[in-house]
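Participant: This is the content of final.txt (compact mmCIF, C-alpha atoms):
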# COMPACT_ATOMS: atom_id res chain seq x y z
CA MET A 1101 -6.73 -16.51 -41.44
CA SER A 1102 -5.57 -20.12 -41.04
CA GLN A 1103 -5.41 -21.82 -37.67
CA SER A 1104 -1.64 -22.29 -37.95
CA THR A 1105 -1.14 -18.60 -38.65
CA ALA A 1106 -3.28 -17.64 -35.67
CA LYS A 1107 -1.17 -19.80 -33.39
CA GLN A 1108 1.97 -17.96 -34.48
CA MET A 1109 0.58 -14.58 -33.54
CA PRO A 1110 1.47 -13.15 -30.12
CA PRO A 1111 -1.42 -13.05 -27.62
CA THR A 1112 -1.10 -9.32 -27.28
CA THR A 1113 0.65 -6.48 -29.04
CA ARG A 1114 3.38 -4.90 -26.98
CA PRO A 1115 3.00 -1.14 -27.38
CA GLU A 1116 6.08 0.87 -28.17
CA VAL A 1117 7.40 2.68 -25.09
CA ILE A 1118 7.36 6.42 -25.72
CA LYS A 1119 10.06 8.52 -24.09
CA THR A 1120 8.65 10.84 -21.46
CA PRO A 1121 9.33 14.58 -21.97
CA ARG A 1122 11.43 15.96 -19.13
CA SER A 1123 8.81 18.54 -18.10
CA THR A 1124 6.15 15.82 -17.88
CA PHE A 1125 8.50 13.56 -15.92
CA TRP A 1126 9.11 16.16 -13.19
CA LEU A 1127 5.48 17.23 -13.05
CA VAL A 1128 4.25 13.65 -12.63
CA LEU A 1129 7.04 12.80 -10.18
CA ILE A 1130 6.23 15.68 -7.80
CA ALA A 1131 2.49 14.97 -8.03
CA ILE A 1132 3.03 11.26 -7.31
CA LEU A 1133 5.27 12.04 -4.32
CA LEU A 1134 2.70 14.41 -2.83
CA LEU A 1135 -0.01 11.80 -3.36
CA SER A 1136 2.03 9.10 -1.66
CA ALA A 1137 2.77 11.39 1.30
CA ASN A 1138 -0.96 11.27 2.14
CA MET A 1139 -1.56 7.55 1.66
CA ARG A 1140 -0.19 5.91 4.82
CA SER A 1141 0.40 8.62 7.41
CA PRO A 1142 -3.28 8.94 8.49
CA ILE A 1143 -3.33 5.19 9.21
CA VAL A 1144 -0.01 4.62 10.97
CA ALA A 1145 -0.60 7.70 13.13
CA LEU A 1146 -3.46 5.83 14.78
CA GLY A 1147 -1.31 2.82 15.62
CA SER A 1148 1.34 5.01 17.23
CA ILE A 1149 -1.13 6.60 19.66
CA ALA A 1150 -3.67 3.78 19.93
CA PRO A 1151 -3.61 3.80 23.77
CA VAL A 1152 -4.22 7.57 23.77
CA ILE A 1153 -7.20 7.24 21.41
CA GLU A 1154 -8.51 4.31 23.46
CA ASP A 1155 -8.53 6.43 26.60
CA ALA A 1156 -9.77 9.62 24.91
CA LEU A 1157 -12.74 7.93 23.23
CA ASN A 1158 -13.28 5.37 26.02
CA ILE A 1159 -13.18 2.43 23.62
CA SER A 1160 -11.87 -1.16 23.84
CA GLN A 1161 -9.00 -2.90 22.07
CA VAL A 1162 -11.55 -4.67 19.90
CA GLN A 1163 -12.74 -1.26 18.71
CA ILE A 1164 -9.13 -0.23 18.11
CA GLY A 1165 -8.85 -3.41 16.06
CA TRP A 1166 -11.87 -2.32 14.04
CA LEU A 1167 -10.21 1.04 13.38
CA GLY A 1168 -7.25 -0.92 12.04
CA ALA A 1169 -9.43 -3.29 10.03
CA ILE A 1170 -12.05 -0.97 8.51
CA PRO A 1171 -9.43 0.59 6.21
CA MET A 1172 -8.91 -2.83 4.63
CA LEU A 1173 -12.58 -3.05 3.63
CA MET A 1174 -12.49 0.49 2.30
CA PHE A 1175 -9.27 -0.23 0.37
CA ALA A 1176 -10.91 -3.31 -1.14
CA LEU A 1177 -14.06 -1.39 -2.09
CA GLY A 1178 -12.00 1.45 -3.57
CA ALA A 1179 -9.86 -1.00 -5.54
CA LEU A 1180 -12.94 -2.77 -6.89
CA ILE A 1181 -14.74 0.30 -8.25
CA SER A 1182 -11.87 2.67 -9.03
CA PRO A 1183 -10.73 1.25 -12.42
CA ALA A 1184 -14.14 1.93 -14.01
CA ILE A 1185 -14.45 5.37 -12.38
CA GLY A 1186 -10.89 6.31 -13.31
CA LYS A 1187 -11.49 5.30 -16.92
CA ARG A 1188 -14.82 7.16 -17.05
CA PHE A 1189 -13.73 10.45 -15.47
CA GLY A 1190 -9.97 10.37 -16.02
CA LEU A 1191 -7.19 9.34 -13.66
CA GLU A 1192 -6.22 12.91 -12.78
CA ASN A 1193 -9.78 14.08 -12.07
CA THR A 1194 -10.45 11.03 -9.93
CA LEU A 1195 -7.26 11.42 -7.90
CA ILE A 1196 -7.98 15.11 -7.24
CA ALA A 1197 -11.38 14.13 -5.87
CA MET A 1198 -9.80 11.41 -3.72
CA LEU A 1199 -7.27 13.83 -2.26
CA VAL A 1200 -10.17 16.08 -1.27
CA LEU A 1201 -11.80 13.13 0.51
CA ILE A 1202 -8.56 12.13 2.27
CA THR A 1203 -8.09 15.66 3.57
CA SER A 1204 -11.74 15.89 4.65
CA GLY A 1205 -11.51 12.59 6.51
CA ILE A 1206 -8.40 13.68 8.41
CA ILE A 1207 -10.09 16.89 9.49
CA LEU A 1208 -13.35 15.11 10.41
CA ARG A 1209 -11.60 12.76 12.86
CA SER A 1210 -10.11 15.73 14.66
CA VAL A 1211 -13.12 18.04 14.86
CA TRP A 1212 -15.63 15.30 15.80
CA PRO A 1213 -13.85 13.53 18.70
CA THR A 1214 -16.29 10.66 19.20
CA TRP A 1215 -16.30 7.01 18.18
CA THR A 1216 -18.80 7.79 15.41
CA GLY A 1217 -16.81 10.75 14.10
CA PHE A 1218 -13.59 8.80 14.18
CA MET A 1219 -15.11 5.86 12.32
CA LEU A 1220 -16.76 8.01 9.65
CA GLY A 1221 -13.58 10.01 9.09
CA THR A 1222 -11.51 6.84 8.87
CA MET A 1223 -13.94 5.24 6.41
CA LEU A 1224 -13.96 8.34 4.21
CA LEU A 1225 -10.21 8.80 3.99
CA THR A 1226 -9.42 5.10 3.57
CA LEU A 1227 -11.95 4.67 0.76
CA ALA A 1228 -10.15 7.50 -1.02
CA ILE A 1229 -6.78 5.88 -0.33
CA GLY A 1230 -8.17 2.67 -1.87
CA PHE A 1231 -8.74 4.61 -5.10
CA ALA A 1232 -5.25 6.11 -4.94
CA ASN A 1233 -3.67 2.70 -4.27
CA THR A 1234 -5.20 1.37 -7.47
CA LEU A 1235 -4.84 4.33 -9.81
CA ALA A 1236 -1.21 5.18 -9.02
CA ALA A 1237 0.14 2.31 -11.17
CA PRO A 1238 -1.82 3.11 -14.36
CA ILE A 1239 -1.03 6.83 -14.18
CA ILE A 1240 2.68 6.03 -13.80
CA LYS A 1241 2.48 3.64 -16.74
CA GLN A 1242 0.54 6.12 -18.88
CA ARG A 1243 2.42 9.33 -18.10
CA THR A 1244 5.98 7.99 -17.59
CA PRO A 1245 6.11 4.60 -19.38
CA ASP A 1246 9.91 4.60 -19.67
CA ASN A 1247 10.47 5.31 -15.96
CA ILE A 1248 8.14 2.80 -14.27
CA PRO A 1249 10.64 1.24 -11.80
CA LEU A 1250 12.07 4.63 -10.81
CA ILE A 1251 8.75 6.43 -10.27
CA THR A 1252 7.24 3.41 -8.53
CA GLY A 1253 10.24 3.12 -6.23
CA LEU A 1254 10.13 6.80 -5.30
CA PHE A 1255 6.35 6.57 -4.81
CA SER A 1256 6.77 3.74 -2.33
CA LEU A 1257 9.84 5.35 -0.75
CA THR A 1258 7.99 8.58 -0.02
CA MET A 1259 5.01 6.69 1.36
CA THR A 1260 7.13 4.72 3.82
CA MET A 1261 9.32 7.66 4.83
CA MET A 1262 6.32 9.85 5.55
CA ALA A 1263 4.67 7.02 7.47
CA GLY A 1264 7.85 6.59 9.51
CA LEU A 1265 8.07 10.29 10.20
CA VAL A 1266 4.47 10.42 11.39
CA ALA A 1267 4.90 7.29 13.51
CA GLY A 1268 7.88 8.87 15.23
CA VAL A 1269 6.53 12.36 15.90
CA VAL A 1270 2.80 11.90 16.46
CA TYR A 1271 3.13 10.74 20.08
CA PRO A 1272 5.41 13.64 21.12
CA LEU A 1273 3.05 16.01 19.30
CA THR A 1274 0.15 14.53 21.23
CA THR A 1275 1.84 15.39 24.53
CA MET A 1276 2.42 18.96 23.33
CA VAL A 1277 -0.73 19.95 21.42
CA GLY A 1278 -3.21 17.12 22.08
CA TRP A 1279 -4.16 14.16 19.93
CA GLN A 1280 -6.67 16.09 17.80
CA TRP A 1281 -4.09 18.54 16.50
CA ALA A 1282 -1.46 15.79 16.28
CA LEU A 1283 -3.72 13.86 13.88
CA GLY A 1284 -5.50 16.72 12.12
CA GLY A 1285 -2.44 18.85 11.41
CA TRP A 1286 -1.35 16.49 8.64
CA SER A 1287 -4.25 17.72 6.51
CA ILE A 1288 -1.87 20.45 5.28
CA LEU A 1289 -0.18 17.79 3.14
CA GLY A 1290 -3.51 16.99 1.53
CA LEU A 1291 -4.15 20.62 0.68
CA LEU A 1292 -0.71 20.92 -0.90
CA ALA A 1293 -1.24 17.76 -2.95
CA ILE A 1294 -4.65 18.97 -4.17
CA MET A 1295 -3.16 22.21 -5.46
CA PHE A 1296 -0.34 20.44 -7.31
CA TRP A 1297 -2.61 17.84 -8.90
CA ILE A 1298 -4.84 20.63 -10.18
CA VAL A 1299 -1.75 22.14 -11.83
CA LEU A 1300 -0.89 18.76 -13.36
CA ARG A 1301 -4.44 18.38 -14.67
CA LEU A 1302 -4.37 21.85 -16.26
CA LYS A 1303 -0.94 21.28 -17.83
CA LEU A 1304 -1.33 17.72 -19.13
CA GLY A 1305 -5.08 17.40 -19.58
CA SER A 1306 -7.08 14.35 -18.54
CA SER A 1307 -6.18 10.75 -19.31
CA HIS A 1308 -9.68 9.92 -20.58
CA HIS A 1309 -9.24 12.53 -23.31
CA LEU A 1310 -6.06 10.90 -24.65
CA PRO A 1311 -6.19 9.17 -28.04
CA GLN A 1312 -7.66 5.69 -27.67
CA SER A 1313 -4.74 4.19 -29.61
CA MET A 1314 -2.51 4.86 -26.62
CA ASP A 1315 -4.46 2.37 -24.49
CA VAL A 1316 -5.98 -0.27 -26.75
CA SER A 1317 -4.80 -3.78 -27.59
CA ALA A 1318 -6.32 -7.21 -27.83
CA GLY A 1319 -4.93 -7.94 -24.39
CA ASP A 1320 -7.26 -5.42 -22.77
CA GLU A 1321 -9.94 -8.11 -22.97
CA ILE A 1322 -8.00 -10.39 -20.60
CA SER A 1323 -10.03 -11.23 -17.48
CA MET A 1324 -7.87 -10.54 -14.44
CA TRP A 1325 -10.23 -12.66 -12.34
CA ARG A 1326 -9.31 -15.73 -14.43
CA SER A 1327 -5.57 -15.13 -14.49
CA PRO A 1328 -3.47 -17.44 -12.25
CA LEU A 1329 -0.76 -14.78 -12.02
CA ALA A 1330 -3.27 -12.18 -10.83
CA TRP A 1331 -4.52 -14.48 -8.04
CA GLN A 1332 -1.00 -15.38 -6.97
CA LEU A 1333 -0.08 -11.71 -6.83
CA ALA A 1334 -3.28 -10.99 -4.87
CA VAL A 1335 -2.45 -13.52 -2.14
CA PHE A 1336 1.20 -12.42 -2.08
CA MET A 1337 0.23 -8.79 -1.55
CA GLY A 1338 -2.68 -9.72 0.73
CA LEU A 1339 -0.61 -11.65 3.28
CA GLN A 1340 1.96 -8.85 3.31
CA SER A 1341 -0.81 -6.33 3.90
CA LEU A 1342 -2.24 -8.47 6.70
CA MET A 1343 1.08 -8.32 8.51
CA PHE A 1344 1.66 -4.64 7.77
CA TYR A 1345 -1.66 -3.39 9.10
CA THR A 1346 -1.63 -5.76 12.07
CA VAL A 1347 1.81 -4.50 13.05
CA ALA A 1348 0.88 -0.88 12.33
CA SER A 1349 -2.12 -1.24 14.67
CA PHE A 1350 -0.55 -3.15 17.54
CA LEU A 1351 3.26 -3.06 17.47
CA PRO A 1352 3.70 -0.52 20.31
CA SER A 1353 1.14 -2.38 22.43
CA ILE A 1354 2.85 -5.72 21.79
CA TRP A 1355 6.30 -4.45 22.78
CA ALA A 1356 4.90 -2.64 25.80
CA ASP A 1357 3.34 -5.92 27.01
CA LYS A 1358 6.70 -7.63 26.47
CA GLY A 1359 8.46 -5.21 28.79
CA LEU A 1360 9.45 -2.10 26.87
CA ASP A 1361 8.49 1.32 28.20
CA GLN A 1362 5.84 3.26 26.28
CA VAL A 1363 8.27 5.62 24.53
CA THR A 1364 10.60 2.82 23.41
CA ALA A 1365 7.64 0.70 22.31
CA GLY A 1366 6.36 3.64 20.26
CA ASN A 1367 9.81 4.05 18.72
CA MET A 1368 9.57 0.49 17.40
CA ALA A 1369 6.76 1.71 15.13
CA SER A 1370 9.21 4.22 13.66
CA VAL A 1371 11.85 1.52 13.19
CA PHE A 1372 9.24 -0.60 11.40
CA GLN A 1373 8.28 2.25 9.08
CA PHE A 1374 11.77 3.66 8.45
CA MET A 1375 13.09 0.35 7.10
CA GLY A 1376 11.04 1.05 3.99
CA PRO A 1377 13.65 3.27 2.31
CA PHE A 1378 16.39 0.70 2.85
CA ALA A 1379 14.19 -2.04 1.43
CA ILE A 1380 13.15 -0.04 -1.62
CA ILE A 1381 16.64 1.21 -2.44
CA SER A 1382 18.15 -2.25 -1.94
CA MET A 1383 15.48 -3.93 -4.04
CA THR A 1384 15.81 -1.42 -6.88
CA TRP A 1385 19.62 -1.70 -6.85
CA LEU A 1386 19.55 -5.51 -6.93
CA ILE A 1387 17.07 -5.64 -9.80
CA ARG A 1388 19.05 -3.07 -11.80
CA ARG A 1389 22.15 -5.23 -11.20
CA GLY A 1390 20.36 -8.13 -12.84
CA VAL A 1391 19.30 -10.10 -9.77
CA SER A 1392 16.19 -12.16 -10.43
CA ILE A 1393 12.93 -10.55 -9.33
CA GLN A 1394 11.93 -13.95 -7.94
CA ILE A 1395 14.96 -14.07 -5.67
CA VAL A 1396 14.31 -10.54 -4.43
CA ALA A 1397 10.64 -11.36 -3.77
CA VAL A 1398 11.47 -14.51 -1.78
CA ALA A 1399 14.12 -12.62 0.21
CA ALA A 1400 11.55 -9.95 1.17
CA ALA A 1401 9.10 -12.66 2.28
CA LEU A 1402 11.82 -14.31 4.38
CA PHE A 1403 12.45 -11.01 6.18
CA ASN A 1404 8.80 -11.07 7.25
CA VAL A 1405 9.28 -14.62 8.55
CA LEU A 1406 12.36 -13.55 10.52
CA GLY A 1407 10.53 -10.58 12.04
CA ALA A 1408 7.53 -12.72 12.98
CA ILE A 1409 9.78 -15.28 14.72
CA GLY A 1410 11.64 -12.53 16.55
CA ILE A 1411 8.62 -10.66 17.89
CA ALA A 1412 6.94 -13.90 18.97
CA TYR A 1413 9.77 -15.93 20.48
CA LEU A 1414 13.10 -14.10 20.69
CA PRO A 1415 14.40 -11.58 23.29
CA HIS A 1416 12.76 -8.16 23.40
CA SER A 1417 16.22 -6.68 23.94
CA MET A 1418 16.57 -7.01 20.15
CA ALA A 1419 13.14 -5.51 19.47
CA TRP A 1420 14.58 -3.08 16.95
CA VAL A 1421 16.02 -5.97 14.87
CA TRP A 1422 12.70 -7.82 14.66
CA SER A 1423 10.74 -4.61 13.99
CA ALA A 1424 13.23 -3.66 11.27
CA ALA A 1425 13.01 -7.09 9.63
CA MET A 1426 9.23 -6.86 9.39
CA GLY A 1427 9.42 -3.32 8.03
CA PHE A 1428 12.04 -4.33 5.46
CA GLY A 1429 9.98 -7.25 4.19
CA CYS A 1430 6.66 -5.42 4.06
CA ALA A 1431 8.06 -2.43 2.18
CA GLY A 1432 9.88 -4.64 -0.31
CA ILE A 1433 6.78 -6.71 -1.10
CA PHE A 1434 4.49 -3.69 -1.40
CA THR A 1435 6.85 -1.90 -3.80
CA MET A 1436 7.33 -5.01 -5.90
CA SER A 1437 3.57 -5.56 -6.13
CA ILE A 1438 2.95 -2.02 -7.37
CA MET A 1439 5.82 -2.39 -9.83
CA LEU A 1440 4.48 -5.70 -11.18
CA PHE A 1441 1.10 -4.13 -11.92
CA SER A 1442 2.86 -2.13 -14.63
CA LEU A 1443 5.62 -4.55 -15.65
CA ARG A 1444 3.33 -7.55 -16.17
CA THR A 1445 0.69 -5.72 -18.23
CA TYR A 1446 0.72 -4.18 -21.70
CA THR A 1447 -1.39 -1.03 -21.32
CA PRO A 1448 -2.44 1.45 -18.60
CA ASN A 1449 -5.98 0.07 -18.78
CA GLN A 1450 -4.68 -3.44 -18.07
CA ALA A 1451 -2.51 -2.08 -15.25
CA SER A 1452 -5.58 -0.43 -13.73
CA LYS A 1453 -7.63 -3.63 -13.96
CA LEU A 1454 -4.85 -5.79 -12.50
CA SER A 1455 -4.21 -3.29 -9.74
CA GLY A 1456 -7.92 -3.15 -8.91
CA MET A 1457 -8.43 -6.92 -8.86
CA VAL A 1458 -5.28 -7.68 -6.85
CA GLN A 1459 -5.86 -4.98 -4.27
CA THR A 1460 -9.53 -5.91 -3.84
CA ILE A 1461 -8.52 -9.45 -2.83
CA ALA A 1462 -5.40 -8.34 -0.97
CA TYR A 1463 -7.20 -5.95 1.33
CA LEU A 1464 -10.02 -8.39 2.00
CA ILE A 1465 -7.31 -10.78 3.22
CA ALA A 1466 -5.65 -8.00 5.22
CA PHE A 1467 -8.96 -7.12 6.89
CA PHE A 1468 -8.71 -10.16 9.15
CA GLY A 1469 -5.32 -9.11 10.52
CA PRO A 1470 -6.12 -6.19 12.85
CA ILE A 1471 -9.65 -7.27 13.75
CA GLY A 1472 -8.64 -10.90 14.31
CA THR A 1473 -5.60 -9.92 16.33
CA GLY A 1474 -7.61 -7.61 18.58
CA TRP A 1475 -10.33 -10.25 19.06
CA ILE A 1476 -7.92 -13.09 19.91
CA HIS A 1477 -5.82 -10.90 22.21
CA GLU A 1478 -8.84 -9.74 24.17
CA ARG A 1479 -9.91 -13.34 24.78
CA THR A 1480 -6.52 -14.87 25.54
CA GLN A 1481 -5.05 -11.79 27.29
CA ASN A 1482 -1.71 -12.37 25.56
CA TRP A 1483 -0.13 -12.06 22.12
CA ASP A 1484 1.04 -15.68 21.72
CA MET A 1485 -1.74 -17.01 19.50
CA PRO A 1486 -2.05 -13.95 17.20
CA LEU A 1487 1.72 -13.89 16.64
CA LEU A 1488 1.83 -17.63 15.92
CA LEU A 1489 -0.88 -17.26 13.29
CA VAL A 1490 0.95 -14.35 11.66
CA LEU A 1491 4.16 -16.43 11.58
CA ILE A 1492 2.40 -19.34 9.85
CA LEU A 1493 0.95 -17.01 7.21
CA MET A 1494 4.33 -15.42 6.57
CA VAL A 1495 5.86 -18.86 5.96
CA VAL A 1496 3.08 -19.62 3.46
CA ASN A 1497 3.76 -16.31 1.72
CA VAL A 1498 7.30 -17.38 0.82
CA GLY A 1499 5.75 -19.80 -1.66
CA PHE A 1500 3.45 -17.16 -3.09
CA ALA A 1501 6.44 -14.81 -3.43
CA TRP A 1502 8.03 -17.30 -5.82
CA LEU A 1503 4.84 -17.80 -7.84
CA ALA A 1504 3.75 -14.15 -8.06
CA SER A 1505 7.13 -12.90 -9.28
CA ARG A 1506 7.53 -15.38 -12.16
CA PRO A 1507 8.83 -13.76 -15.39
CA VAL A 1508 5.51 -13.98 -17.28
CA MET A 1509 3.03 -11.40 -18.48
CA ILE A 1510 -0.58 -11.32 -17.32
CA ASP A 1511 -1.63 -13.44 -20.32
CA GLY A 1512 1.01 -16.09 -19.67
CA ALA A 1513 3.47 -14.91 -22.32
CA PRO A 1514 7.14 -14.66 -21.28
CA ALA A 1515 8.08 -11.25 -19.86
CA GLN A 1516 10.69 -9.29 -21.77
Go through the file and emit its structure as structure tokens.

Facilitator:
Amino acid sequence: MSQSTAKQMPPTTRPEVIKTPRSTFWLVLIAILLLSANMRSPIVALGSIAPVIEDALNISQVQIGWLGAIPMLMFALGALISPAIGKRFGLENTLIAMLVLITSGIILRSVWPTWTGFMLGTMLLTLAIGFANTLAAPIIKQRTPDNIPLITGLFSLTMTMMAGLVAGVVYPLTTMVGWQWALGGWSILGLLAIMFWIVLRLKLGSSHHLPQSMDVSAGDEISMWRSPLAWQLAVFMGLQSLMFYTVASFLPSIWADKGLDQVTAGNMASVFQFMGPFAIISMTWLIRRGVSIQIVAVAAALFNVLGAIGIAYLPHSMAWVWSAAMGFGCAGIFTMSIMLFSLRTYTPNQASKLSGMVQTIAYLIAFFGPIGTGWIHERTQNWDMPLLLVLILMVVNVGFAWLASRPVMIDGAPAQ
């Protein structure tokens, strides 16, 4: 082959998108929704009753910060090792195992009410969530390749709605049945998801038994660690995750210190979480109407900036506005990141690798949010410095929003 001919060839072969059978579509959709229902609620529940846990376990705010930060390390570890494990054992088999671990971790935190038990349970369930975070995109791309934006949007929508529901009801449940039942009772969702994923596995088989031609192209050899787009997407998602998990860990405490009563401060966590559906629906509608993905990404990042300014410097009488702005921005960025894992790659294997690389870096960045916030607050005895640092990072993320959402594929080719 001549050099001139080689230059004319595309860097990768775009696989033909196969229409998803209706039965497969509904089976995958329900399984994905049940998976997503278990992926944020165990984490945001802690933030909503952090003062209760602090008193019950006799721990400090620094330790509460660790409980908010440890999930980031587990997410990063799960993202790093899950692509190889998912490819080796199959996406479905791996996700069933992870749902078992999530459910076990939820139960462990409730039946072993000590600092050690709580930490071990949190580490177990968040490692499993790290796997699920990474493997959701490739299974959507593989099983429903012609419905990626729709399934991804509903995946993120369910995750945020369930997180908002838990954030709103876990404190009242704590006053009625105690914090152990209020946290452990959500394990029923895990059991339901396990049963349905077993049905999906029996009906559709395992992804690692599919014909290799469905997941092979020259582009599978692309190194995600050397891709500028992958790194830009990693920082974009990482700074969003830093804000999300910092806010999820401390928002009620911050508003309580600024003058809101405990119930109202706890409600701000629900406002933060429940903005997710509005963000996801708005983002999907705008993109379907032809609005540039870059414009939507920058708009989501600007909502985070607005929320950070409001919570730090503007009146707490408008706490719901600032909490809503942060929730809107975080949900929009998270959904777009998951969507781009599929839209900017050619095969499910590439989507898995990109998802794993991006989320490894993103959650390492996010790790410093809760732990750093708790550490600085305990030494300064106020929220001024932590909130200023978050604001600066959110301003920086506006630039990464523009870069990460460029219309290019992972290999640099123009996106179709």

Participant: With segment 1263-1283 of chain A as the partner and 8 Å as the cut-off, tabulate the residues of segment 1182-1235 of chain A that qualify, each row holding the nearest pair of atoms and their distance in Å to one decimal, using all atoms listed in the file, sorted by chain and rising number, as CSV.

Facilitator:
residue,atom,partner,partner_atom,distance
A:Ile1206,CA,A:Leu1283,CA,7.2
A:Arg1209,CA,A:Gln1280,CA,7.7
A:Ser1210,CA,A:Gln1280,CA,4.7
A:Val1211,CA,A:Gln1280,CA,7.4
A:Pro1213,CA,A:Gln1280,CA,7.7

Participant: Produce a file of the selected residues containing C-alpha atoms, as a PDB file, in the frame of the given file.

Facilitator:
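What ended up in selection_30.pdb:
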ATOM      1  CA  ILE A1206      -8.400  13.680   8.410  1.00  0.00           C
ATOM      2  CA  ARG A1209     -11.600  12.760  12.860  1.00  0.00           C
ATOM      3  CA  SER A1210     -10.110  15.730  14.660  1.00  0.00           C
ATOM      4  CA  VAL A1211     -13.120  18.040  14.860  1.00  0.00           C
ATOM      5  CA  PRO A1213     -13.850  13.530  18.700  1.00  0.00           C
TER       6      PRO A1213
END

Participant: Enter the distance from atom CA of Asn1233 of chain A to atom CA of Met1368 of chain A, in Å, rounded to one decimal.

Facilitator: 25.5 Å

Participant: Can you work out which one of A:Ile1380, A:Met1261, A:Met1219, A:Leu1191 has the shortest atom-to-atom distance to Ile1159 of chain A, counting all atoms listed in the file?

Facilitator: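 Selected residue with least distance to Ile1159 of chain A: A:Met1219.
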
Participant: Using all atoms listed in the file, pick whichever of A:Ala1369, A:Leu1157, A:Leu1302, A:Met1426 has the shortest atom-to-atom distance to Ala1145 of chain A.

Facilitator: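 Closest to Ala1145 of chain A of all the choices is A:Ala1369.
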
Participant: Counting only C-alpha atoms, find the residues whose atoms lie at most 12 Å from (-11.2, 15.0, -11.9) (file coordinates) and write them out as a PDB file with C-alpha atoms, keeping the file's coordinate frame.

Facilitator:
ATOM      1  CA  ILE A1185     -14.450   5.370 -12.380  1.00  0.00           C
ATOM      2  CA  GLY A1186     -10.890   6.310 -13.310  1.00  0.00           C
ATOM      3  CA  LYS A1187     -11.490   5.300 -16.920  1.00  0.00           C
ATOM      4  CA  ARG A1188     -14.820   7.160 -17.050  1.00  0.00           C
ATOM      5  CA  PHE A1189     -13.730  10.450 -15.470  1.00  0.00           C
ATOM      6  CA  GLY A1190      -9.970  10.370 -16.020  1.00  0.00           C
ATOM      7  CA  LEU A1191      -7.190   9.340 -13.660  1.00  0.00           C
ATOM      8  CA  GLU A1192      -6.220  12.910 -12.780  1.00  0.00           C
ATOM      9  CA  ASN A1193      -9.780  14.080 -12.070  1.00  0.00           C
ATOM     10  CA  THR A1194     -10.450  11.030  -9.930  1.00  0.00           C
ATOM     11  CA  LEU A1195      -7.260  11.420  -7.900  1.00  0.00           C
ATOM     12  CA  ILE A1196      -7.980  15.110  -7.240  1.00  0.00           C
ATOM     13  CA  ALA A1197     -11.380  14.130  -5.870  1.00  0.00           C
ATOM     14  CA  MET A1198      -9.800  11.410  -3.720  1.00  0.00           C
ATOM     15  CA  LEU A1199      -7.270  13.830  -2.260  1.00  0.00           C
ATOM     16  CA  VAL A1200     -10.170  16.080  -1.270  1.00  0.00           C
ATOM     17  CA  ILE A1294      -4.650  18.970  -4.170  1.00  0.00           C
ATOM     18  CA  TRP A1297      -2.610  17.840  -8.900  1.00  0.00           C
ATOM     19  CA  ILE A1298      -4.840  20.630 -10.180  1.00  0.00           C
ATOM     20  CA  VAL A1299      -1.750  22.140 -11.830  1.00  0.00           C
ATOM     21  CA  LEU A1300      -0.890  18.760 -13.360  1.00  0.00           C
ATOM     22  CA  ARG A1301      -4.440  18.380 -14.670  1.00  0.00           C
ATOM     23  CA  LEU A1302      -4.370  21.850 -16.260  1.00  0.00           C
ATOM     24  CA  GLY A1305      -5.080  17.400 -19.580  1.00  0.00           C
ATOM     25  CA  SER A1306      -7.080  14.350 -18.540  1.00  0.00           C
ATOM     26  CA  SER A1307      -6.180  10.750 -19.310  1.00  0.00           C
ATOM     27  CA  HIS A1308      -9.680   9.920 -20.580  1.00  0.00           C
ATOM     28  CA  HIS A1309      -9.240  12.530 -23.310  1.00  0.00           C
TER      29      HIS A1309
END

Participant: Step by step, gather every atom of segment 1453-1459 of chain A that the file lists, find the box along x, y and z that holds them, add 8 Å on each side, and finally give centre and edge lengths in Å to one decimal, as lines of an AutoDock Vina configuration file.

Facilitator:
center_x = -6.3
center_y = -5.4
center_z = -9.1
size_x = 20.2
size_y = 20.5
size_z = 25.7

Participant: Looking at only C-alpha atoms, which of A:Ile1465, A:Leu1135, A:Ala1400, A:Leu1339 is the one that sits closest to Met1375 of chain A?

Facilitator: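 Residue with the minimum atom-to-atom distance to Met1375 of chain A: A:Ala1400.
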
Participant: My list of candidates is A:Phe1500, A:Phe1372, A:Phe1296, A:Trp1166. Which is closest to Ala1330 of chain A when distances are computed with only C-alpha atoms?

Facilitator: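 Under the stated criterion, the closest residue is A:Phe1500.
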
Participant: Please measure the separation of atom CA of Ser1160 of chain A and atom CA of Trp1420 of chain A, giving the value in Å to one decimal.

Facilitator: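 So the answer is 27.4 Å.
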
Participant: Please indicate the distance in Å from atom CA of Ile1411 of chain A to atom CA of Ala1431 of chain A, rounded to one decimal place.

Facilitator: 17.7 Å

Participant: Nearest to Trp1325 of chain A among A:Gly1469, A:Pro1507, A:Gly1359, A:Gly1456, with distances taken over only C-alpha atoms: which residue is it?

Facilitator: A:Gly1456

Participant: Skipping near chain neighbours, those fewer than 4 positions away, what residues fall within 8 Å of Ile1239 of chain A using all atoms listed in the file, listed as a JSON list (two decimals) with C-alpha atoms, in the frame of the given file?

Facilitator:
[["chain", "number", "residue", "atom", "x", "y", "z"],
["A", 1191, "LEU", "CA", -7.19, 9.34, -13.66],
["A", 1235, "LEU", "CA", -4.84, 4.33, -9.81],
["A", 1243, "ARG", "CA", 2.42, 9.33, -18.10],
["A", 1244, "THR", "CA", 5.98, 7.99, -17.59],
["A", 1448, "PRO", "CA", -2.44, 1.45, -18.60]]

Participant: My list of candidates is A:Ala1156, A:Ala1356, A:Met1174, A:Leu1224. Which is closest to Ala1419 of chain A when distances are computed with all atoms listed in the file?

Facilitator: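 Of the candidates, the smallest distance to Ala1419 of chain A is held by A:Ala1356.
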
Participant: Can you tell me, as a list in words, what residues are no more than 12 Å from segment 1122-1124 of chain A when counting all atoms listed in the file, ignoring any on the same chain fewer than 2 positions away?

Facilitator: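 What passes the distance filter is Lys1119, Thr1120, Trp1126, Leu1127, Val1128, Leu1129, Ile1130, Ala1131, Ile1132, Ile1240, Gln1242, Arg1243, Thr1244, Pro1245, Asp1246, Asn1247, Val1299, Leu1300, Arg1301, Lys1303, Leu1304 and Gly1305 of chain A.
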